[in-house]
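Below is one structure, written out as structure tokens; the observations come after it.
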Amino acid sequence: MLLPILDANALLVEGCYTVKHGLHQDKITGLAGTGRSNPYIAAHVPGEIDRHLPRMADHYEVPERQVRRLLARQILPSLRVVDLEIRDHLSWQTQRILRVDREMPLRHRGDPDDAPTMALAEFLGPCVIVSQDSVFFRFGFGVIEWVPVAQGVLRMAGLEATAADALVLMPATVIVAGLLWWCHRNGYLTRDNWRQRLARVGEAAKPLLELTEAAMTEHQTLSDSLVVVEPPAYPTSEQLAARHLARCGRSLTPGQLRDALARRGHIVSAAQLTRDMQAHRAFVRAPGDVWTIGRPVQGFDDL
């Protein structure tokens, strides 16, 4: 599952655009509403939004107070802020963004202000960076036109939900077929009735299979069209924990997280996961010893 990582520029543009055109729904909360493409931001983003909002509102010729209210009450509450450690900025992809030698050609020059966003994309990868910042485009980590990216991720989330529903219904179809067979074997259905009803089950399942196949094909096409930040080839246990928590949609105990990772071939003890999560600011513990990734946006209000 691809996760969108947003920067301040994209959030400001979306806020100004939504106010200017009088829209009731923005793309950011649309992504969050799917439950499958939870948007995340780095810790510096709320401060950047606060700092650049007056200039962006003036550029789009919209009332700053209306944009601030939309951001504070609708857009930002749909995001989660992930606090990173210094070590999260040491991977090779983020190191490229940190490079700022002014004597180098622009195409090879990074921007330290954007390093946390890049580091977060690697930490939770695979991710898609939703940004208009040219530094991600220059290094091949993003595209300039971010709106099609957001729309593509939103559509993929819908297709994933369709596939998930289909997977739920398919076993149900198999169970019905099995019950029909059992009834036939025990004399509750004649041979003709059994075959007739089994044929109806097959006819009912056929559109579902065709819909699932079409959704998978479209999902692959959209995935291939996006620029994806891939995770490191050999992730640490804290990265494995963060990626799973970011996608599972609920808080987990260390034991539940251990079992979930084991089903994916990653063997990490619950004690080790507890130590890792306690030692990293990205993880948030709630009563009942349940953990999640990221925290709500704090310190940004509509005045």
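Simple scheme: letters A, B, ... for chains in structure tokens order, numbers from 1 for residues in each chain, numbers from 1 for ligands in the order shown.
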
Near A:Pro112, within 9 Å and counting only C-alpha atoms, which residues show up once chain neighbours fewer than 3 positions away are dropped, as a PyMOL selection string?
-> chain A and resi 97-100+115-116

Writing out the chosen residues with N, CA and C atoms as a PDB file, in the first residue's frame:
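Result saved to result.pdb:
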```pdb
ATOM      1  N   ILE A  97      19.338  14.836  -0.881  1.00  0.00           N
ATOM      2  CA  ILE A  97      18.553  16.044  -0.679  1.00  0.00           C
ATOM      3  C   ILE A  97      19.294  17.037   0.213  1.00  0.00           C
ATOM      4  N   LEU A  98      20.131  16.527   1.122  1.00  0.00           N
ATOM      5  CA  LEU A  98      20.873  17.391   2.045  1.00  0.00           C
ATOM      6  C   LEU A  98      22.053  18.101   1.389  1.00  0.00           C
ATOM      7  N   ARG A  99      22.454  17.664   0.213  1.00  0.00           N
ATOM      8  CA  ARG A  99      23.654  18.221  -0.443  1.00  0.00           C
ATOM      9  C   ARG A  99      23.348  19.614  -0.994  1.00  0.00           C
ATOM     10  N   VAL A 100      24.117  20.632  -0.562  1.00  0.00           N
ATOM     11  CA  VAL A 100      23.786  22.020  -0.915  1.00  0.00           C
ATOM     12  C   VAL A 100      24.981  22.808  -1.465  1.00  0.00           C
ATOM     13  N   ALA A 115      14.659  17.828   3.468  1.00  0.00           N
ATOM     14  CA  ALA A 115      15.214  16.536   3.883  1.00  0.00           C
ATOM     15  C   ALA A 115      14.283  15.755   4.813  1.00  0.00           C
ATOM     16  N   PRO A 116      13.604  16.404   5.782  1.00  0.00           N
ATOM     17  CA  PRO A 116      12.703  15.618   6.646  1.00  0.00           C
ATOM     18  C   PRO A 116      11.571  14.937   5.881  1.00  0.00           C
TER      19      PRO A 116
END
```

In Å, how far is it from atom CA of A:Pro4 to atom CA of A:Lys27?
->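 Atom CA of A:Lys27 lies at a distance of 11.5 Å from atom CA of A:Pro4.
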
Would you mind telling me which residue in A:Val128, A:Pro232, A:Arg250, A:Phe283 lies nearest to A:Leu90 when using only C-alpha atoms?
->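 The shortest atom-to-atom distance to A:Leu90 comes from A:Pro232.
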
A:Leu70, A:Leu76, A:Leu252, A:Ala119 ranked by distance to A:Thr274, top pick (using only C-alpha atoms) | A:Leu252

May I have the residues within 12 Å of A:Gln256 as a list in words, using only C-alpha atoms and disregarding those fewer than 5 positions away in the same chain?
->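 Everything that qualifies: Ala241, His244, Leu245, Cys248, Arg250, Ser251, Leu261, Ala262, Arg263, Val268, Ser269, Ala270, Ala271, Leu273, Thr274, Asp289, Val290, Trp291 and Thr292 of chain A.
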
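Counting only C-alpha atoms and comparing A:Ile267, A:Leu120, A:Ala43, A:Leu11, the residue that lies closest to A:Ala242 is A:Leu120.
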
Who sits within 10 Å of A:Asp114, only C-alpha atoms, same chain under 4 positions skipped, as a ChimeraX atom specification | /A:7-8,42,44-45,94,97-98,110,118-119,133,135-136

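The space between atom CA of A:His266 and atom CA of A:His89 spans 23.7 Å.
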
Can you work out the spacing between atom CA of A:Leu257 and atom CA of A:Asp276 in Å, to one decimal?
->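 Atom-to-atom, atom CA of A:Leu257 and atom CA of A:Asp276 are spaced 12.3 Å apart.
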
Residue neighbourhood A:Gln239, 9 Å, only C-alpha atoms, exclusion window fewer than 3 positions, as a count of residues only = 9
